[in-house]
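A.B. asks: There's a structure below that I have some questions on.
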Amino acid sequence: MPDVENQVEPGAEAESVPSRRRALGGLLRWESLLVVLLLVSIAYGASVSPYFLEWTNLFFIGSNVGEIAIIALPLTLVIITGEIDLSVASMLGLTGLFMAELFQHGWPIWPAIIAAVVLGGILGAFNGFLITGLGLPSLAVTIGTLTLYRGIAQGILPSDTISGFPQGLASIGVVPIPHTHISYSVAIFLGLAVIFGVVLHATPLGRAIFAIGANKEAAFYSGIRVKRIKFWLFVLSGMICGLAGVLWTLRFASARYDSGIGIELFVVTVVLLGGVSIFGGRGTIVGVVLAVAVLGCLQSAMTADLIPAQDQNIVVGGLLLASVIVPNLGDIYRRARARLEAAGARRHAAVVTREDGT
Amino acid sequence: MTSVAEEQNVIERRSGSRAFAEFLVRFRELGIVLALVIVIGGTTLDNHLFLSAANIQQILAGSAIIALLAIGETIVIITRNVDLSIGSILGISAYATGVLYVHHPDVALPVVFLLALAIGAVCGVVNGLIVTVGRVPSLVVTLGTLYIIRGIDGAWAGGNQVNASMLPESFNKIGYATVLGIPYLGWIAIAAVAVATYAMRSFRTARDFYAIGSDPDAARLAGIPVGSRVFLAFVLSGAIAGVTGALWLSLYASVDAIAGVGYEFQVIAAVVVGGVAIFGGSGTVLGAALGALLLYTINTALVVVNVSSFWSMALAGALLLAAIAFDRLVALRLAPTMRTRRSARA
């Protein structure tokens, strides 16, 4: 099997990879692992705070991860096609700021919200054009646009904060949907998750997305419009980031250039923890939804345990590394054993030769 | 997935520009120097103080930091990997250096730089081990360690700060002293680039980096120990970032938990602008260092011509995208020339 660990672009040789996760016996067991992880996080939370299992806390868990969860859905599709979008947090920041600027310049709030989502689509289309039109690697492009989009936001509004949104809308981040304990962002996430799940797992488009990630060339020659699908996935990613940017801005009731800076760590962690292969071609929406629940509970439990945000980043970064290393453990073990055996055989051969010589 | 026929169409239409495209590739360094001259010339026309000795020294010292980091990043990118954690490594090493001085004001300079080197190398070993043994894409690994190392730095530093008054004069001097009008940091960067350029041309290990980046599978078949070379690239990048952390502290003379945040993007932009292929396999340390100089000069020029320095991040992103798009277009023009030559030789 040719090795692919040195690829800058994940999935560039995805055809050799599907065996990678076989070590863990398929996705079903990966998802049961996630359920165990979720139960552990809940137990941890309940043990550090008596309020952890209360309905109010469910709302806070949800509203904390809502935007991250929403962004994770299109990113799941992007990663399944073997590409990556690192610019999501910057698109969230720039679209939120754009909405706030329009509102401050006298736009009514709803048109401003729609304009933010449209801007997200344009930002995503720029990513998509560079990647599919010019054929550039998505990693390099989205590192560039991560910097560019955040930089534009910083140039527009270096130090100020825009606030003063209409009362009714600004409260959707801090109050649950009436008569429930679910935040608006979680409701939107769940609705979108159902749509994304159906599209990914039950439509020809979904099959095409998996096919592109499994083998780009084969997908192309079987008539799948690889470039067009990828382009629109990046546009979709941008639009959803626009939506998340609006929700983020309303939740904090203010827009700053650094809104959501660094949350690409959380979004990528959720997607990969959800069992989506970084090499493309594999993954489920159910896994990603479970991973969102794990991250939400874990974050809330750590906050209840008075662990500062910096230290939480260490845990989340560790979770990211673990979610890509664990599926490879079987492989790593096998290779190490093969290497030891080979070394042993060489030593044995050397001894035999020496004995022959005497 | 551009089909070959499509590419050839594009190229045949513009075959006249082929020679020019080849020129651009061959003389990338010359192009950067030209851009540098234009930027400096234009800005000086606007404000003649731009070419004052003090400003030139400030530019040289500041870009030396980016250029040093760019050397390590170049090595990693040439092997078709990426190291996003260098900003965090620089941060933690700078803070460690500061803390060392707070507790042991009389510690000798070599010890300080050895400590910085060791911290960086340890971070590089972690990155390298996970990438090569864990067989995980470097993008994911270093995205993780970017936040993990920064988190450790933050937990350690908290809200504390080490500033110039806690640092000995001999150390601060590295940041501001000059020899022959060029700051120490500039000389250090020039020496490092010279050594790295020589090494990348002449050492077999360094040639392996290029081979791996051009085609990892072919490199393996040719008997190159791909794993240990990639591991080495990450250790070098980490160690360089560690030492640069100590130099960073000597230049800016104060350090807290957010030192070096976002440097990775400036550095990757510099490397790519300097002509290092983001696909791996080609590029020079000299080009990357010149890219760093160009990027830093433009940033300084922005302030001089009264554009807010808050636009510098957007500029780095735009330059990065322009550079990879430019390289791609030039490569498309050059592809047939290369093909003909290869077949002619065969």
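Each chain of the structure tokens is named A, B, ... in the order shown, its residues numbered from 1; ligands are numbered from 1 in display order.
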Find the spatial neighbours of Ala211 in chain A, counting only C-alpha atoms, within a cut-off of 8 Å - ignore same-chain residues fewer than 5 positions away - and output them as a PDB file with C-alpha atoms, in the first residue's frame.
C.D. replies:
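Done, and the output landed in part37.pdb:
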```pdb
ATOM      1  CA  THR A  81     -14.853  15.085  -0.914  1.00  0.00           C
ATOM      2  CA  LYS A 216     -11.693  11.571  -7.739  1.00  0.00           C
ATOM      3  CA  ALA A 218     -13.082   7.283 -11.031  1.00  0.00           C
ATOM      4  CA  ALA A 219     -15.851   9.681 -10.018  1.00  0.00           C
ATOM      5  CA  GLY A 281     -14.630   9.258   1.211  1.00  0.00           C
TER       6      GLY A 281
END
```
A.B. asks: What residues in chain B lie within 8 Å of chain A, counting only C-alpha atoms, written as an NGL selection string?
C.D. replies: :B and (1-2 or 79-82 or 130-141 or 143-145 or 147-152 or 154-155 or 216-217 or 230 or 265 or 269 or 278-279 or 308 or 310-318 or 320-321 or 324-325 or 328-329)
A.B. asks: Excluding Ala241 in chain B and residues on its chain fewer than 5 positions from it, collect all residues at most 8 Å away from it, counting only C-alpha atoms, and give them as a PyMOL selection string.
C.D. replies: chain B and resi 68-69+72+86-87+89-90+117+120
A.B. asks: Using only C-alpha atoms, which residues sit within 8 Å of range 246-260 of chain A once same-chain residues fewer than 2 positions away are excluded, as a ChimeraX atom specification?
C.D. replies: /A:67,89-90,92-97,99-100,113,116,150,153-154,156-165,169-174,185,242-244,262-263
A.B. asks: Restricting the output to N, CA and C atoms, write the selected residues as an mmCIF file, in the first residue's frame.
C.D. replies:
```cif
data_model
loop_
_atom_site.group_PDB
_atom_site.id
_atom_site.type_symbol
_atom_site.label_atom_id
_atom_site.label_comp_id
_atom_site.auth_asym_id
_atom_site.auth_seq_id
_atom_site.Cartn_x
_atom_site.Cartn_y
_atom_site.Cartn_z
ATOM 1 N N GLU A 67 -23.219 27.518 16.876
ATOM 2 C CA GLU A 67 -22.636 27.987 15.610
ATOM 3 C C GLU A 67 -21.578 27.014 15.103
ATOM 4 N N ALA A 89 -13.916 30.134 10.215
ATOM 5 C CA ALA A 89 -14.023 31.083 11.330
ATOM 6 C C ALA A 89 -13.906 32.518 10.828
ATOM 7 N N SER A 90 -13.054 32.731 9.821
ATOM 8 C CA SER A 90 -12.895 34.076 9.284
ATOM 9 C C SER A 90 -14.140 34.504 8.516
ATOM 10 N N LEU A 92 -17.136 33.500 9.239
ATOM 11 C CA LEU A 92 -18.102 33.811 10.299
ATOM 12 C C LEU A 92 -17.879 35.235 10.800
ATOM 13 N N GLY A 93 -16.629 35.578 11.071
ATOM 14 C CA GLY A 93 -16.324 36.903 11.607
ATOM 15 C C GLY A 93 -16.668 38.007 10.632
ATOM 16 N N LEU A 94 -16.282 37.826 9.354
ATOM 17 C CA LEU A 94 -16.485 38.895 8.368
ATOM 18 C C LEU A 94 -17.969 39.090 8.056
ATOM 19 N N THR A 95 -18.734 37.991 7.945
ATOM 20 C CA THR A 95 -20.157 38.142 7.627
ATOM 21 C C THR A 95 -20.910 38.775 8.793
ATOM 22 N N GLY A 96 -20.561 38.385 10.022
ATOM 23 C CA GLY A 96 -21.207 38.982 11.189
ATOM 24 C C GLY A 96 -20.953 40.481 11.240
ATOM 25 N N LEU A 97 -19.712 40.838 10.942
ATOM 26 C CA LEU A 97 -19.331 42.248 10.948
ATOM 27 C C LEU A 97 -20.069 43.009 9.845
ATOM 28 N N MET A 99 -22.985 42.294 8.514
ATOM 29 C CA MET A 99 -24.370 42.500 8.920
ATOM 30 C C MET A 99 -24.466 43.692 9.861
ATOM 31 N N ALA A 100 -23.556 43.735 10.840
ATOM 32 C CA ALA A 100 -23.600 44.805 11.833
ATOM 33 C C ALA A 100 -23.352 46.162 11.185
ATOM 34 N N ILE A 113 -29.355 40.711 7.456
ATOM 35 C CA ILE A 113 -29.063 39.292 7.707
ATOM 36 C C ILE A 113 -28.927 38.544 6.384
ATOM 37 N N ALA A 116 -25.728 39.286 4.733
ATOM 38 C CA ALA A 116 -24.596 38.592 5.351
ATOM 39 C C ALA A 116 -24.477 37.172 4.809
ATOM 40 N N ARG A 150 -10.116 37.505 7.579
ATOM 41 C CA ARG A 150 -9.969 38.058 8.929
ATOM 42 C C ARG A 150 -9.283 39.414 8.833
ATOM 43 N N ALA A 153 -11.736 42.060 7.826
ATOM 44 C CA ALA A 153 -12.561 42.431 8.979
ATOM 45 C C ALA A 153 -11.785 43.363 9.905
ATOM 46 N N GLN A 154 -10.494 43.046 10.092
ATOM 47 C CA GLN A 154 -9.676 43.873 10.985
ATOM 48 C C GLN A 154 -9.455 45.264 10.387
ATOM 49 N N ILE A 156 -11.505 46.840 8.383
ATOM 50 C CA ILE A 156 -12.751 47.615 8.421
ATOM 51 C C ILE A 156 -13.032 48.143 9.823
ATOM 52 N N LEU A 157 -12.841 47.283 10.818
ATOM 53 C CA LEU A 157 -13.234 47.654 12.184
ATOM 54 C C LEU A 157 -12.148 47.208 13.155
ATOM 55 N N PRO A 158 -11.019 47.963 13.214
ATOM 56 C CA PRO A 158 -9.867 47.489 13.978
ATOM 57 C C PRO A 158 -10.129 47.352 15.479
ATOM 58 N N SER A 159 -10.830 48.309 16.067
ATOM 59 C CA SER A 159 -10.896 48.264 17.525
ATOM 60 C C SER A 159 -12.305 48.459 18.070
ATOM 61 N N ASP A 160 -13.231 48.945 17.250
ATOM 62 C CA ASP A 160 -14.558 49.235 17.780
ATOM 63 C C ASP A 160 -15.414 47.985 17.876
ATOM 64 N N THR A 161 -16.554 48.161 18.519
ATOM 65 C CA THR A 161 -17.551 47.117 18.613
ATOM 66 C C THR A 161 -18.866 47.721 18.141
ATOM 67 N N ILE A 162 -19.590 46.963 17.340
ATOM 68 C CA ILE A 162 -20.909 47.450 16.925
ATOM 69 C C ILE A 162 -21.957 46.685 17.716
ATOM 70 N N SER A 163 -22.888 47.422 18.323
ATOM 71 C CA SER A 163 -23.952 46.724 19.047
ATOM 72 C C SER A 163 -25.252 47.502 18.855
ATOM 73 N N GLY A 164 -26.241 47.195 19.664
ATOM 74 C CA GLY A 164 -27.508 47.917 19.585
ATOM 75 C C GLY A 164 -28.474 47.329 18.576
ATOM 76 N N PHE A 165 -28.485 45.999 18.472
ATOM 77 C CA PHE A 165 -29.431 45.366 17.561
ATOM 78 C C PHE A 165 -30.821 45.373 18.176
ATOM 79 N N LEU A 169 -34.640 40.374 18.222
ATOM 80 C CA LEU A 169 -33.706 39.483 17.547
ATOM 81 C C LEU A 169 -32.453 39.234 18.375
ATOM 82 N N ALA A 170 -31.987 40.296 19.036
ATOM 83 C CA ALA A 170 -30.741 40.154 19.782
ATOM 84 C C ALA A 170 -30.885 39.153 20.911
ATOM 85 N N SER A 171 -32.125 38.877 21.316
ATOM 86 C CA SER A 171 -32.288 37.966 22.449
ATOM 87 C C SER A 171 -32.301 36.506 22.014
ATOM 88 N N ILE A 172 -32.289 36.222 20.692
ATOM 89 C CA ILE A 172 -32.396 34.803 20.313
ATOM 90 C C ILE A 172 -31.171 34.013 20.748
ATOM 91 N N GLY A 173 -30.080 34.699 21.041
ATOM 92 C CA GLY A 173 -28.917 33.973 21.518
ATOM 93 C C GLY A 173 -28.976 33.671 23.002
ATOM 94 N N VAL A 174 -29.817 34.376 23.725
ATOM 95 C CA VAL A 174 -29.790 34.225 25.181
ATOM 96 C C VAL A 174 -31.065 33.630 25.764
ATOM 97 N N SER A 185 -30.103 28.336 17.858
ATOM 98 C CA SER A 185 -29.035 27.817 17.008
ATOM 99 C C SER A 185 -29.070 26.290 16.960
ATOM 100 N N GLY A 242 -22.079 32.338 6.913
ATOM 101 C CA GLY A 242 -22.778 33.618 7.003
ATOM 102 C C GLY A 242 -23.908 33.538 8.019
ATOM 103 N N LEU A 243 -24.671 32.447 7.931
ATOM 104 C CA LEU A 243 -25.768 32.235 8.882
ATOM 105 C C LEU A 243 -25.220 32.150 10.309
ATOM 106 N N ALA A 244 -24.145 31.388 10.476
ATOM 107 C CA ALA A 244 -23.545 31.237 11.800
ATOM 108 C C ALA A 244 -22.993 32.575 12.289
ATOM 109 N N GLY A 262 -10.277 31.534 15.670
ATOM 110 C CA GLY A 262 -9.751 30.266 16.170
ATOM 111 C C GLY A 262 -10.764 29.143 16.313
ATOM 112 N N ILE A 263 -12.064 29.390 15.990
ATOM 113 C CA ILE A 263 -12.994 28.265 16.191
ATOM 114 C C ILE A 263 -12.859 27.199 15.110
#
```
A.B. asks: Tell me, in Å to one decimal, how far CA of Val303 in chain B is from CA of Leu247 in chain B.
C.D. replies: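 A separation of 24.2 Å between them.
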A.B. asks: Please provide as a compact mmCIF listing (two decimals) with C-alpha atoms, in the first residue's frame all residues within 12 Å of range 30-42 of chain B, with the sequence filter that same-chain residues fewer than 4 positions apart are discarded (counting only C-alpha atoms).
C.D. replies:
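File result.txt, as written:
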```txt
# COMPACT_ATOMS: atom_id res chain seq x y z
CA ALA B 21 6.98 32.28 -17.97
CA PHE B 23 12.10 33.39 -17.03
CA LEU B 24 9.74 34.14 -14.16
CA VAL B 25 10.27 30.72 -12.66
CA ARG B 26 14.03 30.74 -13.04
CA ASP B 46 5.95 59.66 -0.72
CA ASN B 47 8.09 60.08 2.39
CA HIS B 48 11.86 60.34 2.14
CA LEU B 49 12.28 59.25 5.78
CA PHE B 50 11.39 55.71 4.69
CA LEU B 51 15.01 55.25 3.66
CA SER B 52 16.41 56.63 6.90
CA ASN B 55 13.81 52.73 9.52
CA ILE B 56 15.98 50.42 7.43
CA ILE B 59 12.79 46.68 8.80
CA ALA B 270 6.41 34.79 2.90
CA VAL B 271 7.49 31.27 1.96
CA VAL B 272 4.95 30.97 -0.84
CA VAL B 273 5.61 34.48 -2.15
CA GLY B 274 9.28 33.48 -2.14
CA GLY B 275 8.57 30.78 -4.71
CA LEU B 286 16.86 32.44 -0.16
CA GLY B 287 13.57 33.02 -1.99
CA ALA B 288 11.59 32.47 1.21
CA ALA B 289 13.80 34.89 3.13
CA LEU B 290 13.42 37.52 0.41
CA GLY B 291 9.67 36.89 0.54
CA ALA B 292 9.79 37.63 4.26
CA LEU B 293 11.73 40.83 3.62
CA LEU B 294 9.24 41.91 0.94
CA LEU B 295 6.22 41.17 3.13
CA TYR B 296 7.65 43.03 6.11
CA THR B 297 8.75 45.99 3.97
CA ILE B 298 5.28 46.32 2.46
CA ASN B 299 3.76 46.22 5.96
CA THR B 300 6.05 49.03 7.08
CA ALA B 301 5.42 50.96 3.87
CA LEU B 302 1.67 50.77 4.49
CA VAL B 304 4.34 55.24 6.08
CA VAL B 305 1.82 55.98 3.32
CA ALA B 323 1.51 33.90 -5.24
```
A.B. asks: Name the residues of range 149-292 of chain B that come out as strand (DSSP E or B) in a backbone DSSP run; write them as a list of chain:residue names.
C.D. replies: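 Matching residues, listed in order: B:Val162, B:Asn163, B:Thr178, B:Val179, B:Ile182, B:Pro183, B:Ser254, B:Val255.
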A.B. asks: Would you export the selected residues with N, CA and C atoms as a PDB file, in the first residue's frame, please?
C.D. replies:
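Okay, out07.pdb is ready:
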```pdb
ATOM      1  N   VAL B 162       6.800  39.407  31.022  1.00  0.00           N
ATOM      2  CA  VAL B 162       8.209  39.664  31.310  1.00  0.00           C
ATOM      3  C   VAL B 162       8.591  40.861  30.462  1.00  0.00           C
ATOM      4  N   ASN B 163       9.173  41.904  31.039  1.00  0.00           N
ATOM      5  CA  ASN B 163       9.529  43.041  30.196  1.00  0.00           C
ATOM      6  C   ASN B 163      11.004  43.397  30.302  1.00  0.00           C
ATOM      7  N   THR B 178      23.867  47.168  16.382  1.00  0.00           N
ATOM      8  CA  THR B 178      24.145  46.984  14.964  1.00  0.00           C
ATOM      9  C   THR B 178      25.647  46.818  14.740  1.00  0.00           C
ATOM     10  N   VAL B 179      26.000  46.165  13.645  1.00  0.00           N
ATOM     11  CA  VAL B 179      27.382  46.093  13.193  1.00  0.00           C
ATOM     12  C   VAL B 179      27.394  46.548  11.742  1.00  0.00           C
ATOM     13  N   ILE B 182      24.089  47.307  10.145  1.00  0.00           N
ATOM     14  CA  ILE B 182      23.054  46.274  10.025  1.00  0.00           C
ATOM     15  C   ILE B 182      22.838  45.661  11.402  1.00  0.00           C
ATOM     16  N   PRO B 183      21.582  45.510  11.822  1.00  0.00           N
ATOM     17  CA  PRO B 183      21.336  44.963  13.161  1.00  0.00           C
ATOM     18  C   PRO B 183      21.864  43.530  13.305  1.00  0.00           C
ATOM     19  N   SER B 254       9.565  42.386  25.490  1.00  0.00           N
ATOM     20  CA  SER B 254       8.554  42.044  26.487  1.00  0.00           C
ATOM     21  C   SER B 254       7.719  40.901  25.924  1.00  0.00           C
ATOM     22  N   VAL B 255       7.298  40.006  26.801  1.00  0.00           N
ATOM     23  CA  VAL B 255       6.603  38.817  26.311  1.00  0.00           C
ATOM     24  C   VAL B 255       5.468  38.443  27.262  1.00  0.00           C
TER      25      VAL B 255
END
```
